[in-house]
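> protein16.txt is reproduced in full below (compact mmCIF, C-alpha atoms).
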```txt
# COMPACT_ATOMS: atom_id res chain seq x y z
CA MET A 1 16.89 20.89 8.01
CA ALA A 2 17.86 18.10 5.66
CA LYS A 3 17.47 18.93 2.01
CA LYS A 4 14.55 17.11 0.42
CA ARG A 5 15.88 14.59 -2.09
CA LYS A 6 14.70 15.14 -5.65
CA SER A 7 13.30 12.24 -7.62
CA ALA A 8 15.53 10.57 -10.17
CA GLY A 9 14.54 10.95 -13.81
CA GLY A 10 11.26 12.65 -12.96
CA LYS A 11 10.09 9.70 -10.87
CA THR A 12 8.07 10.15 -7.68
CA PRO A 13 10.11 9.33 -4.55
CA PHE A 14 8.84 6.32 -2.63
CA HIS A 15 8.29 8.35 0.53
CA ALA A 16 6.05 10.73 -1.43
CA VAL A 17 3.90 7.79 -2.57
CA VAL A 18 3.53 6.66 1.04
CA GLU A 19 2.63 10.19 2.17
CA LYS A 20 -0.05 10.52 -0.52
CA ILE A 21 -1.64 7.27 0.66
CA GLN A 22 -1.43 8.13 4.34
CA ASN A 23 -2.99 11.58 3.97
CA ARG A 24 -5.62 10.33 1.50
CA SER A 25 -4.45 12.70 -1.24
CA ILE A 26 -3.55 10.03 -3.79
CA SER A 27 -5.48 10.49 -7.03
CA ASP A 28 -6.89 7.90 -9.41
CA ALA A 29 -4.18 8.87 -11.90
CA ASP A 30 -1.52 8.33 -9.23
CA ILE A 31 -2.85 4.86 -8.42
CA SER A 32 -2.83 3.87 -12.09
CA ASN A 33 0.69 5.24 -12.48
CA PHE A 34 2.33 3.96 -9.30
CA PHE A 35 1.12 0.34 -9.21
CA VAL A 36 1.39 -2.67 -11.51
CA VAL A 37 -0.59 -5.88 -11.10
CA GLN A 38 -0.30 -9.43 -12.36
CA PRO A 39 -2.04 -12.70 -11.40
CA ASN A 40 -0.48 -14.73 -8.60
CA PRO A 41 -0.48 -18.23 -10.15
CA ARG A 42 0.20 -19.86 -6.78
CA ARG A 43 -3.08 -18.71 -5.27
CA PRO A 44 -6.55 -18.54 -6.87
CA PHE A 45 -8.29 -15.15 -6.77
CA ASP A 46 -5.01 -13.45 -5.85
CA PHE A 47 -2.76 -10.89 -7.53
CA THR A 48 0.84 -9.83 -7.09
CA VAL A 49 0.95 -6.06 -6.73
CA GLY A 50 4.15 -4.13 -7.38
CA LEU A 51 5.29 -0.55 -7.64
CA ASN A 52 5.95 0.76 -11.12
CA ARG A 53 9.72 1.19 -11.39
CA SER A 54 9.33 3.58 -14.29
CA ALA A 55 7.23 5.92 -12.12
CA VAL A 56 8.50 5.43 -8.54
CA ASP A 57 12.05 6.12 -7.35
CA PHE A 58 13.35 3.24 -5.18
CA GLN A 59 16.84 4.60 -4.68
CA GLY A 60 18.13 3.67 -1.23
CA ILE A 61 15.03 1.65 -0.30
CA GLU A 62 15.17 -1.31 -2.65
CA LYS A 63 13.06 -3.55 -0.37
CA SER A 64 10.12 -1.17 -0.50
CA ALA A 65 8.55 -3.11 -3.35
CA LYS A 66 7.54 -5.76 -0.80
CA LEU A 67 5.14 -3.22 0.70
CA ALA A 68 3.32 -2.61 -2.57
CA ASP A 69 0.38 -4.91 -1.85
CA ALA A 70 -0.37 -3.27 1.48
CA LEU A 71 0.07 0.20 -0.01
CA ALA A 72 -2.31 -0.58 -2.87
CA HIS A 73 -4.88 -1.88 -0.39
CA ASP A 74 -4.56 1.27 1.73
CA ALA A 75 -4.88 3.41 -1.39
CA SER A 76 -8.08 1.60 -2.35
CA ILE A 77 -9.54 2.15 1.14
CA GLY A 78 -8.75 5.85 0.89
CA ARG A 79 -10.44 5.95 -2.49
CA ASP A 80 -13.50 4.24 -0.96
CA GLU A 81 -13.74 6.96 1.66
CA LYS A 82 -13.70 9.72 -0.95
CA LEU A 83 -16.30 8.05 -3.17
CA ALA A 84 -18.56 6.56 -0.49
CA PRO A 85 -22.19 7.74 -0.43
CA THR A 86 -23.63 8.65 2.96
CA THR A 87 -27.30 7.72 2.61
CA PRO A 88 -28.75 4.37 1.50
CA PRO A 89 -30.67 3.89 -1.75
CA LYS A 90 -34.44 3.94 -1.75
CA GLY A 91 -35.84 0.55 -0.81
CA PHE A 92 -33.05 -0.43 1.59
CA GLY A 93 -34.23 -0.18 5.18
CA ARG A 94 -31.28 -1.31 7.25
CA LYS A 95 -28.40 0.47 8.96
CA VAL A 96 -25.51 2.01 7.06
CA PRO A 97 -22.72 1.60 6.43
CA VAL A 98 -23.10 -1.99 5.34
CA VAL A 99 -20.02 -4.07 6.24
CA ALA A 100 -18.37 -6.15 3.51
CA GLU A 101 -15.59 -8.71 3.96
CA GLY A 102 -14.22 -10.90 1.23
CA ASP A 103 -11.82 -11.74 -1.54
CA SER A 104 -11.24 -10.41 -5.05
CA TRP A 105 -14.94 -10.59 -5.95
CA PHE A 106 -15.39 -7.77 -3.44
CA ARG A 107 -12.11 -5.89 -3.95
CA LEU A 108 -9.51 -5.77 -6.71
CA PRO A 109 -6.48 -3.50 -7.03
CA PRO A 110 -8.23 -0.20 -7.90
CA LEU A 111 -8.28 1.28 -11.40
CA VAL A 112 -5.78 -1.18 -12.83
CA MET A 113 -8.52 -3.84 -12.63
CA PRO A 114 -12.25 -3.74 -13.49
CA PRO A 115 -14.75 -2.75 -10.79
CA THR A 116 -16.11 -5.42 -8.47
CA LEU A 117 -19.75 -5.87 -7.54
CA ILE A 118 -19.04 -3.86 -4.35
CA ASP A 119 -17.72 -0.97 -6.45
CA VAL A 120 -20.92 -1.06 -8.49
CA LEU A 121 -23.10 -1.22 -5.39
CA GLN A 122 -21.27 1.79 -3.97
CA GLN A 123 -21.14 3.92 -7.10
CA SER A 124 -24.19 2.98 -9.17
CA TYR A 125 -26.64 1.91 -6.46
CA VAL A 126 -25.20 4.33 -3.83
CA TYR A 127 -24.93 1.87 -0.95
CA PRO A 128 -22.69 3.18 1.85
CA ILE A 129 -20.37 0.18 2.32
CA SER A 130 -17.39 -0.27 4.61
CA ASN A 131 -15.37 -2.64 2.46
CA LEU A 132 -12.77 -4.70 4.37
CA ALA A 133 -12.10 -7.15 1.53
CA HIS A 134 -8.67 -7.95 0.11
CA TRP A 135 -7.88 -9.82 -3.08
CA GLY A 136 -6.62 -13.37 -2.48
CA ASP A 137 -7.72 -13.73 1.14
CA THR A 138 -8.72 -17.24 2.15
CA LEU A 139 -11.74 -18.06 4.27
CA THR A 140 -9.50 -18.91 7.22
CA GLU A 141 -7.59 -15.64 6.94
CA MET A 142 -10.77 -13.58 6.97
CA ILE A 143 -12.22 -15.42 9.95
CA GLN A 144 -8.98 -15.30 11.95
CA ALA A 145 -8.46 -11.57 11.27
CA GLY A 146 -12.05 -10.83 12.29
CA GLN A 147 -11.91 -7.21 11.16
CA PHE A 148 -15.68 -7.18 10.75
CA TRP A 149 -16.55 -8.04 14.37
CA PRO A 150 -16.32 -4.57 15.98
CA ALA A 151 -18.94 -3.05 13.67
CA LEU A 152 -21.25 -6.07 13.95
CA ILE A 153 -21.04 -6.60 17.71
CA SER A 154 -21.38 -2.89 18.52
CA GLY A 155 -24.60 -2.66 16.53
CA GLU A 156 -23.12 -0.06 14.19
CA ALA A 157 -23.96 -2.34 11.25
CA ASP A 158 -26.65 -4.99 10.86
CA THR A 159 -25.96 -6.16 7.29
CA PHE A 160 -22.83 -8.19 6.58
CA LEU A 161 -21.85 -8.94 2.97
CA PHE A 162 -19.45 -11.86 2.65
CA SER A 163 -17.44 -13.27 -0.26
CA GLY A 164 -15.26 -16.20 0.71
CA GLY A 165 -14.34 -19.81 0.06
CA GLY A 166 -13.48 -19.64 -3.63
CA ASN A 167 -9.74 -19.71 -3.08
CA ASP A 168 -10.13 -22.60 -0.65
CA MET A 169 -12.55 -24.51 -2.90
CA LEU A 170 -10.09 -24.45 -5.82
CA GLY A 171 -7.24 -25.88 -3.79
CA GLY A 172 -5.58 -22.75 -2.42
CA ASP A 173 -1.81 -22.71 -2.75
CA ALA A 174 -1.77 -26.38 -3.78
CA GLY A 175 -3.82 -25.66 -6.91
CA ILE A 176 -6.75 -27.30 -8.63
CA ALA A 177 -4.70 -30.14 -10.18
CA ARG A 178 -4.75 -32.11 -6.93
CA PHE A 179 -8.51 -32.47 -7.29
CA LEU A 180 -8.47 -33.79 -10.87
CA ASN A 181 -7.86 -37.18 -12.46
CA LEU A 182 -5.56 -37.48 -15.46
CA PHE A 183 -7.18 -37.05 -18.86
CA ASP A 184 -8.57 -40.28 -20.26
CA PRO A 185 -9.52 -40.43 -23.98
CA ASP A 186 -12.35 -42.76 -23.00
CA HIS A 187 -13.84 -39.94 -20.90
CA ALA A 188 -13.53 -37.05 -23.32
CA ASN A 189 -17.14 -35.83 -23.45
CA PRO A 190 -18.56 -33.03 -21.29
CA SER A 191 -21.00 -35.59 -19.90
CA ASP A 192 -17.95 -37.37 -18.41
CA ALA A 193 -16.96 -34.36 -16.31
CA ALA A 194 -17.82 -36.05 -12.99
CA TYR A 195 -15.16 -38.69 -13.73
CA TYR A 196 -12.42 -36.07 -13.32
CA VAL A 197 -13.46 -34.65 -9.95
CA LYS A 198 -11.64 -36.65 -7.28
CA PRO A 199 -13.11 -37.48 -3.87
CA GLU A 200 -10.43 -35.17 -2.46
CA PHE A 201 -12.34 -32.20 -3.87
CA TYR A 202 -15.47 -33.10 -1.91
CA ALA A 203 -13.46 -33.83 1.25
CA ASN A 204 -11.86 -30.38 1.02
CA LEU A 205 -15.19 -28.73 0.22
CA LYS A 206 -16.67 -30.32 3.33
CA LEU A 207 -14.02 -28.57 5.44
CA VAL A 208 -14.56 -25.25 3.67
CA LEU A 209 -18.30 -25.43 4.27
CA GLN A 210 -17.74 -26.34 7.92
CA ASP A 211 -15.75 -23.13 8.42
CA TYR A 212 -18.32 -21.10 6.52
CA GLU A 213 -21.19 -22.52 8.58
CA SER A 214 -19.29 -21.91 11.79
CA LEU A 215 -19.01 -18.24 10.84
CA ILE A 216 -22.77 -18.01 10.22
CA GLN A 217 -23.41 -19.48 13.65
CA ARG A 218 -20.96 -17.13 15.35
CA VAL A 219 -22.56 -14.12 13.69
CA HIS A 220 -25.92 -15.30 15.04
CA LEU A 221 -24.58 -15.74 18.56
CA ARG A 222 -22.46 -12.60 18.78
CA ALA A 223 -24.59 -10.22 16.70
CA PRO A 224 -28.16 -11.59 16.56
CA ASP A 225 -29.56 -8.54 14.71
CA VAL A 226 -27.14 -8.99 11.81
CA ILE A 227 -28.14 -10.56 8.49
CA MET A 228 -25.21 -12.11 6.61
CA VAL A 229 -25.42 -12.14 2.79
CA GLY A 230 -23.11 -14.43 0.80
CA HIS A 231 -22.62 -15.88 -2.68
CA GLY A 232 -21.00 -18.87 -4.38
CA TYR A 233 -19.49 -17.32 -7.56
CA ASP A 234 -20.41 -17.87 -11.20
CA TYR A 235 -19.21 -20.50 -13.66
CA ALA A 236 -15.56 -19.59 -14.32
CA ILE A 237 -14.16 -20.37 -17.77
CA PRO A 238 -10.72 -22.06 -17.78
CA ARG A 239 -8.21 -20.65 -20.26
CA SER A 240 -5.22 -22.25 -21.89
CA SER A 241 -2.21 -21.42 -19.69
CA GLY A 242 -4.56 -19.60 -17.35
CA PRO A 243 -2.71 -18.93 -14.08
CA TRP A 244 -5.34 -20.26 -11.67
CA ILE A 245 -7.33 -22.98 -13.46
CA GLY A 246 -6.01 -23.57 -16.97
CA ASN A 247 -2.46 -24.45 -15.98
CA GLY A 248 -3.67 -26.88 -13.35
CA MET A 249 -5.98 -28.59 -15.83
CA MET A 250 -3.23 -28.77 -18.45
CA PHE A 251 -0.96 -30.40 -15.84
CA VAL A 252 -3.31 -33.41 -15.81
CA GLY A 253 -3.81 -33.38 -19.60
CA LEU A 254 -7.03 -31.34 -19.77
CA ASP A 255 -6.59 -28.59 -22.34
CA PRO A 256 -9.05 -25.66 -22.04
CA THR A 257 -8.53 -24.93 -25.75
CA PHE A 258 -9.09 -28.36 -27.27
CA GLN A 259 -11.37 -29.71 -24.52
CA ALA A 260 -13.12 -26.45 -23.69
CA ASP A 261 -16.58 -27.94 -23.14
CA LEU A 262 -15.20 -30.67 -20.88
CA CYS A 263 -13.10 -28.25 -18.81
CA GLN A 264 -16.05 -25.92 -18.38
CA ALA A 265 -18.29 -28.83 -17.38
CA ILE A 266 -15.79 -29.76 -14.65
CA MET A 267 -15.90 -26.20 -13.32
CA ARG A 268 -19.69 -26.29 -13.34
CA ILE A 269 -19.67 -29.39 -11.11
CA MET A 270 -17.30 -27.76 -8.62
CA THR A 271 -19.14 -24.43 -8.63
CA ASP A 272 -22.54 -26.11 -8.26
CA ALA A 273 -21.30 -28.13 -5.29
CA PHE A 274 -20.18 -24.99 -3.45
CA ASN A 275 -23.35 -23.09 -4.31
CA LYS A 276 -25.48 -26.02 -3.17
CA GLY A 277 -23.81 -25.93 0.23
CA LEU A 278 -24.41 -22.19 0.66
CA ALA A 279 -28.00 -22.47 -0.53
CA GLY A 280 -28.49 -25.12 2.14
CA PHE A 281 -27.30 -22.71 4.81
CA ALA A 282 -29.84 -20.13 3.64
CA ALA A 283 -32.57 -22.72 4.07
CA THR A 284 -31.31 -23.54 7.59
CA TYR A 285 -30.32 -20.19 9.12
CA SER A 286 -32.65 -17.23 9.17
CA ASN A 287 -29.71 -14.84 9.62
CA TYR A 288 -28.10 -15.91 6.34
CA ARG A 289 -29.11 -15.03 2.78
CA PHE A 290 -27.65 -16.58 -0.37
CA VAL A 291 -27.28 -14.68 -3.65
CA ASP A 292 -27.06 -17.10 -6.59
CA LEU A 293 -24.69 -15.53 -9.15
CA ARG A 294 -24.57 -18.51 -11.49
CA GLY A 295 -25.40 -17.49 -15.04
CA ALA A 296 -25.05 -13.78 -14.31
CA VAL A 297 -21.77 -13.29 -16.18
CA GLY A 298 -21.90 -13.87 -19.94
CA LYS A 299 -19.20 -15.93 -21.67
CA ASN A 300 -17.68 -12.76 -23.11
CA GLU A 301 -17.88 -10.89 -19.81
CA TRP A 302 -14.89 -12.47 -18.08
CA ARG A 303 -11.73 -10.38 -17.75
CA ASP A 304 -9.73 -13.49 -16.83
CA GLU A 305 -10.45 -16.98 -15.56
CA LEU A 306 -12.06 -15.85 -12.32
CA HIS A 307 -13.11 -12.20 -12.50
CA PRO A 308 -15.90 -10.51 -14.47
CA THR A 309 -15.45 -7.46 -16.65
CA ALA A 310 -17.21 -4.25 -15.66
CA ALA A 311 -20.30 -5.45 -17.54
CA GLY A 312 -20.24 -8.77 -15.70
CA ALA A 313 -19.73 -7.09 -12.34
CA ALA A 314 -22.76 -4.89 -13.01
CA LYS A 315 -24.92 -7.98 -13.49
CA THR A 316 -23.72 -9.58 -10.26
CA ALA A 317 -24.29 -6.30 -8.40
CA ALA A 318 -27.87 -6.18 -9.68
CA ARG A 319 -28.56 -9.53 -8.01
CA PHE A 320 -27.08 -8.30 -4.76
CA ASP A 321 -29.13 -5.11 -4.95
CA ALA A 322 -32.33 -7.15 -5.33
CA MET A 323 -31.43 -9.23 -2.28
CA LEU A 324 -30.48 -6.20 -0.16
CA LYS A 325 -33.75 -4.45 -0.92
CA SER A 326 -35.67 -7.58 0.07
CA LEU A 327 -34.17 -7.67 3.57
CA PRO A 328 -36.42 -6.76 6.52
CA LYS A 329 -36.01 -3.27 7.95
CA SER A 330 -33.77 -2.80 10.97
CA GLY A 331 -35.58 -3.61 14.18
CA THR A 332 -38.09 -5.94 12.51
CA PHE A 333 -35.82 -8.97 12.07
CA GLU A 334 -36.08 -11.58 14.81
CA THR A 335 -33.84 -14.58 14.42
CA PRO A 336 -34.84 -17.71 16.36
CA ALA A 337 -32.30 -19.52 18.47
CA ILE A 338 -30.14 -21.93 16.52
CA ALA A 339 -30.26 -25.37 18.06
CA SER A 340 -27.02 -27.20 18.66
CA ARG A 341 -26.56 -29.77 15.94
CA VAL A 342 -23.95 -31.85 14.20
CA LEU A 343 -22.10 -30.04 11.44
CA PHE A 344 -20.78 -32.38 8.75
CA GLY A 345 -19.90 -34.99 11.31
CA ARG A 346 -18.66 -32.77 14.14
CA ALA A 347 -20.57 -31.15 16.96
CA ALA A 348 -21.44 -27.46 16.66
```
Could you express the structure from this file as structure tokens?

Amino acid sequence: MAKKRKSAGGKTPFHAVVEKIQNRSISDADISNFFVVQPNPRRPFDFTVGLNRSAVDFQGIEKSAKLADALAHDASIGRDEKLAPTTPPKGFGRKVPVVAEGDSWFRLPPLVMPPTLIDVLQQSYVYPISNLAHWGDTLTEMIQAGQFWPALISGEADTFLFSGGGNDMLGGDAGIARFLNLFDPDHANPSDAAYYVKPEFYANLKLVLQDYESLIQRVHLRAPDVIMVGHGYDYAIPRSSGPWIGNGMMFVGLDPTFQADLCQAIMRIMTDAFNKGLAGFAATYSNYRFVDLRGAVGKNEWRDELHPTAAGAAKTAARFDAMLKSLPKSGTFETPAIASRVLFGRAA
């Protein structure tokens, strides 16, 4: 039998980290110790996850750091399983577990980041939720992966929480700067915010909403008993040198420090446009519900440019809880057939 290699300098061997994650024995302290996280400036709502070199021994497997993101995601799923309640809260009359798919508003690297609204729904409101979300995922990636379909089509779940489109709305890998005009001293007031939002933003948003609407329709057709619940984010606050919004605004001469009101007004226009589209879907499709999170997060309740603190997440979770408890009980929801129609200029 080969002798088990000891860790160097008291560090935990990489294989031991993997084993802890695979057998679901990794502790909260381990997760905090083994992983490091920083914003991914090339993609809104995303983070670069690495293994902590001062705590994990990489000797002989130097490329293992590339696996850190997947390992952190697996560790967070294992943590979900240990913490997940088994019975729904009073007032919620639908099947459990509830299925959730989404981006970083539904899942962040655990412990090293503040809780998301899904964490609060699971832990404070005791909703049994199967959370498939991953920080940084785009709308297209979620739809193409389709991890949520088995539970929805089989009838195991009939409530589908969805958080998507924010990355895409803000320009994805190309960044927000491509949607903004250069700063003009003659348009320096917050009331001039609309001047800075290029037509390209609305053209891109149209495509994002097309994909979102297509998903709503497919859920109706493939799982007619399922109610899909989505949201359009709150008013993010750009920061000077902020990795996702601030840097892009500064690139076109808009400084979130010296033109704070103007930069925030621009974000309000973009956020309102996305929310308006989702609210329209809720008015059109009986199998879709829209949770308006605008104004939920206080100005001092943002951890960074795009994510609430624990206090902010609690406020967004409260709005979701109210919506979930207003849903019809399982077996009482009848969704009418959705007529074929033209979606933003293309046939459904």
> Can you list, as a list in words, every protein, DNA or RNA residue that comes within 10 Å of Pro88 of chain A when you count only C-alpha atoms, leaving out same-chain residues fewer than 6 positions away?
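Near neighbours after the sequence-gap exclusion: Arg94, Lys95, Val96, Pro97, Val98, Gln122, Tyr125, Val126, Tyr127, Pro128 and Ile129 of chain A.
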> Would you mind listing what lies within 9 Å of segment 232-237 of chain A as an mmCIF file with C-alpha atoms, keeping the file's coordinate frame, with only C-alpha atoms counted and same-chain residues fewer than 3 positions away left out?

```cif
data_model
loop_
_atom_site.group_PDB
_atom_site.id
_atom_site.type_symbol
_atom_site.label_atom_id
_atom_site.label_comp_id
_atom_site.auth_asym_id
_atom_site.auth_seq_id
_atom_site.Cartn_x
_atom_site.Cartn_y
_atom_site.Cartn_z
ATOM 1 C CA TRP A 105 -14.940 -10.590 -5.950
ATOM 2 C CA SER A 163 -17.440 -13.270 -0.260
ATOM 3 C CA GLY A 164 -15.260 -16.200 0.710
ATOM 4 C CA GLY A 165 -14.340 -19.810 0.060
ATOM 5 C CA GLY A 166 -13.480 -19.640 -3.630
ATOM 6 C CA ILE A 245 -7.330 -22.980 -13.460
ATOM 7 C CA GLY A 246 -6.010 -23.570 -16.970
ATOM 8 C CA PRO A 256 -9.050 -25.660 -22.040
ATOM 9 C CA ALA A 260 -13.120 -26.450 -23.690
ATOM 10 C CA CYS A 263 -13.100 -28.250 -18.810
ATOM 11 C CA GLN A 264 -16.050 -25.920 -18.380
ATOM 12 C CA MET A 267 -15.900 -26.200 -13.320
ATOM 13 C CA ARG A 268 -19.690 -26.290 -13.340
ATOM 14 C CA THR A 271 -19.140 -24.430 -8.630
ATOM 15 C CA ASP A 272 -22.540 -26.110 -8.260
ATOM 16 C CA PHE A 274 -20.180 -24.990 -3.450
ATOM 17 C CA ASN A 275 -23.350 -23.090 -4.310
ATOM 18 C CA LYS A 276 -25.480 -26.020 -3.170
ATOM 19 C CA GLY A 277 -23.810 -25.930 0.230
ATOM 20 C CA LEU A 278 -24.410 -22.190 0.660
ATOM 21 C CA ALA A 279 -28.000 -22.470 -0.530
ATOM 22 C CA PHE A 290 -27.650 -16.580 -0.370
ATOM 23 C CA VAL A 291 -27.280 -14.680 -3.650
ATOM 24 C CA ASP A 292 -27.060 -17.100 -6.590
ATOM 25 C CA LEU A 293 -24.690 -15.530 -9.150
ATOM 26 C CA ARG A 294 -24.570 -18.510 -11.490
ATOM 27 C CA GLY A 295 -25.400 -17.490 -15.040
ATOM 28 C CA ALA A 296 -25.050 -13.780 -14.310
ATOM 29 C CA VAL A 297 -21.770 -13.290 -16.180
ATOM 30 C CA LYS A 299 -19.200 -15.930 -21.670
ATOM 31 C CA TRP A 302 -14.890 -12.470 -18.080
ATOM 32 C CA ASP A 304 -9.730 -13.490 -16.830
ATOM 33 C CA GLU A 305 -10.450 -16.980 -15.560
ATOM 34 C CA LEU A 306 -12.060 -15.850 -12.320
ATOM 35 C CA HIS A 307 -13.110 -12.200 -12.500
ATOM 36 C CA THR A 316 -23.720 -9.580 -10.260
#
```
> Could you please determine the separation between atom CA of Asn204 of chain A and atom CA of Ile266 of chain A in Å, to one decimal place?
16.2 Å
> Between A:Asp211, A:Ala16, A:Asn33, A:Pro224, single out the one closest to Asp158 of chain A, counting only C-alpha atoms.
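Checking each of A:Asp211, A:Ala16, A:Asn33, A:Pro224 against Asp158 of chain A, counting only C-alpha atoms, the winner is A:Pro224.
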> State, in Å with one decimal place, the distance from atom CA of Asn287 of chain A to atom CA of Ser124 of chain A.
26.5 Å
> Counting only C-alpha atoms, which residues in segment 139-231 of chain A sit no more than 12 Å from segment 317-322 of chain A? For each one, give the nearest pair of atoms and the distance in Å, sorted by chain then residue number, as JSON lines.

```
{"residue": "A:Leu161", "atom": "CA", "partner": "A:Phe320", "partner_atom": "CA", "distance": 9.4}
{"residue": "A:Phe162", "atom": "CA", "partner": "A:Phe320", "partner_atom": "CA", "distance": 11.2}
{"residue": "A:Ser163", "atom": "CA", "partner": "A:Phe320", "partner_atom": "CA", "distance": 11.7}
{"residue": "A:Val229", "atom": "CA", "partner": "A:Phe320", "partner_atom": "CA", "distance": 8.6}
{"residue": "A:Gly230", "atom": "CA", "partner": "A:Phe320", "partner_atom": "CA", "distance": 9.2}
{"residue": "A:His231", "atom": "CA", "partner": "A:Phe320", "partner_atom": "CA", "distance": 9.0}
```
> Please identify all polymer residues lying at most 12 Å from the point (-17.1, -37.6, -17.2) (file coordinates), using all atoms listed in the file, and present the result as a ChimeraX atom specification.
/A:180-198,261-266,269
> Any idea what's packed within 10 Å of Gly93 of chain A, counting all atoms listed in the file, ignoring anything in its chain fewer than 4 positions away? Could you give it as a list of chain:residue names?
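Result of the neighbour search: A:Pro88, A:Pro89, A:Leu324, A:Lys325, A:Ser326, A:Leu327, A:Pro328, A:Lys329, A:Ser330, A:Gly331.
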> Would you work out the distance separating atom CA of Met113 of chain A from atom CA of Ser241 of chain A, expressed in Å to one decimal?
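Taking atom CA of Met113 of chain A as the start and atom CA of Ser241 of chain A as the end point, the length is 20.0 Å.
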> Can you list, as an NGL selection string, every protein, DNA or RNA residue that comes within 10 Å of Phe47 of chain A when you count only C-alpha atoms, leaving out same-chain residues fewer than 4 positions away?
:A and (37-43 or 69 or 104 or 108-109 or 135-136)
> Take the residues from that selection and put them in a file with C-alpha atoms, as a compact mmCIF listing (two decimals), in the coordinates of the input.

```
# COMPACT_ATOMS: atom_id res chain seq x y z
CA VAL A 37 -0.59 -5.88 -11.10
CA GLN A 38 -0.30 -9.43 -12.36
CA PRO A 39 -2.04 -12.70 -11.40
CA ASN A 40 -0.48 -14.73 -8.60
CA PRO A 41 -0.48 -18.23 -10.15
CA ARG A 42 0.20 -19.86 -6.78
CA ARG A 43 -3.08 -18.71 -5.27
CA ASP A 69 0.38 -4.91 -1.85
CA SER A 104 -11.24 -10.41 -5.05
CA LEU A 108 -9.51 -5.77 -6.71
CA PRO A 109 -6.48 -3.50 -7.03
CA TRP A 135 -7.88 -9.82 -3.08
CA GLY A 136 -6.62 -13.37 -2.48
```
> Where atoms are absent from segment 192-203 of chain A, fill them in so it carries N, CA, C and O atoms, then output it as a PDB file, in the frame of the given file.

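The file below, result35.pdb, is the result:
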```pdb
ATOM      1  N   ASP A 192     -18.855 -36.576 -19.251  1.00  0.00           N
ATOM      2  CA  ASP A 192     -17.950 -37.370 -18.410  1.00  0.00           C
ATOM      3  C   ASP A 192     -17.265 -36.523 -17.351  1.00  0.00           C
ATOM      4  O   ASP A 192     -16.365 -37.003 -16.655  1.00  0.00           O
ATOM      5  N   ALA A 193     -17.677 -35.292 -17.193  1.00  0.00           N
ATOM      6  CA  ALA A 193     -16.960 -34.360 -16.310  1.00  0.00           C
ATOM      7  C   ALA A 193     -16.824 -34.891 -14.884  1.00  0.00           C
ATOM      8  O   ALA A 193     -15.786 -34.712 -14.236  1.00  0.00           O
ATOM      9  N   ALA A 194     -17.854 -35.558 -14.378  1.00  0.00           N
ATOM     10  CA  ALA A 194     -17.820 -36.050 -12.990  1.00  0.00           C
ATOM     11  C   ALA A 194     -16.676 -37.040 -12.775  1.00  0.00           C
ATOM     12  O   ALA A 194     -16.164 -37.155 -11.645  1.00  0.00           O
ATOM     13  N   TYR A 195     -16.258 -37.731 -13.841  1.00  0.00           N
ATOM     14  CA  TYR A 195     -15.160 -38.690 -13.730  1.00  0.00           C
ATOM     15  C   TYR A 195     -13.878 -38.011 -13.247  1.00  0.00           C
ATOM     16  O   TYR A 195     -13.069 -38.636 -12.545  1.00  0.00           O
ATOM     17  N   TYR A 196     -13.686 -36.754 -13.590  1.00  0.00           N
ATOM     18  CA  TYR A 196     -12.420 -36.070 -13.320  1.00  0.00           C
ATOM     19  C   TYR A 196     -12.352 -35.438 -11.923  1.00  0.00           C
ATOM     20  O   TYR A 196     -11.271 -35.073 -11.467  1.00  0.00           O
ATOM     21  N   VAL A 197     -13.469 -35.292 -11.262  1.00  0.00           N
ATOM     22  CA  VAL A 197     -13.460 -34.650  -9.950  1.00  0.00           C
ATOM     23  C   VAL A 197     -13.214 -35.708  -8.876  1.00  0.00           C
ATOM     24  O   VAL A 197     -14.063 -36.554  -8.597  1.00  0.00           O
ATOM     25  N   LYS A 198     -12.042 -35.648  -8.267  1.00  0.00           N
ATOM     26  CA  LYS A 198     -11.640 -36.650  -7.280  1.00  0.00           C
ATOM     27  C   LYS A 198     -12.434 -36.502  -5.968  1.00  0.00           C
ATOM     28  O   LYS A 198     -12.931 -35.422  -5.644  1.00  0.00           O
ATOM     29  N   PRO A 199     -12.492 -37.576  -5.200  1.00  0.00           N
ATOM     30  CA  PRO A 199     -13.110 -37.480  -3.870  1.00  0.00           C
ATOM     31  C   PRO A 199     -12.441 -36.433  -2.988  1.00  0.00           C
ATOM     32  O   PRO A 199     -13.074 -35.872  -2.096  1.00  0.00           O
ATOM     33  N   GLU A 200     -11.152 -36.171  -3.253  1.00  0.00           N
ATOM     34  CA  GLU A 200     -10.430 -35.170  -2.460  1.00  0.00           C
ATOM     35  C   GLU A 200     -11.067 -33.787  -2.574  1.00  0.00           C
ATOM     36  O   GLU A 200     -11.019 -32.991  -1.623  1.00  0.00           O
ATOM     37  N   PHE A 201     -11.671 -33.496  -3.727  1.00  0.00           N
ATOM     38  CA  PHE A 201     -12.340 -32.200  -3.870  1.00  0.00           C
ATOM     39  C   PHE A 201     -13.497 -32.094  -2.876  1.00  0.00           C
ATOM     40  O   PHE A 201     -13.646 -31.074  -2.185  1.00  0.00           O
ATOM     41  N   TYR A 202     -14.305 -33.134  -2.791  1.00  0.00           N
ATOM     42  CA  TYR A 202     -15.470 -33.100  -1.910  1.00  0.00           C
ATOM     43  C   TYR A 202     -15.056 -33.124  -0.443  1.00  0.00           C
ATOM     44  O   TYR A 202     -15.718 -32.513   0.401  1.00  0.00           O
ATOM     45  N   ALA A 203     -13.950 -33.822  -0.136  1.00  0.00           N
ATOM     46  CA  ALA A 203     -13.460 -33.830   1.250  1.00  0.00           C
ATOM     47  C   ALA A 203     -13.001 -32.424   1.650  1.00  0.00           C
ATOM     48  O   ALA A 203     -13.276 -31.962   2.768  1.00  0.00           O
TER      49      ALA A 203
END
```
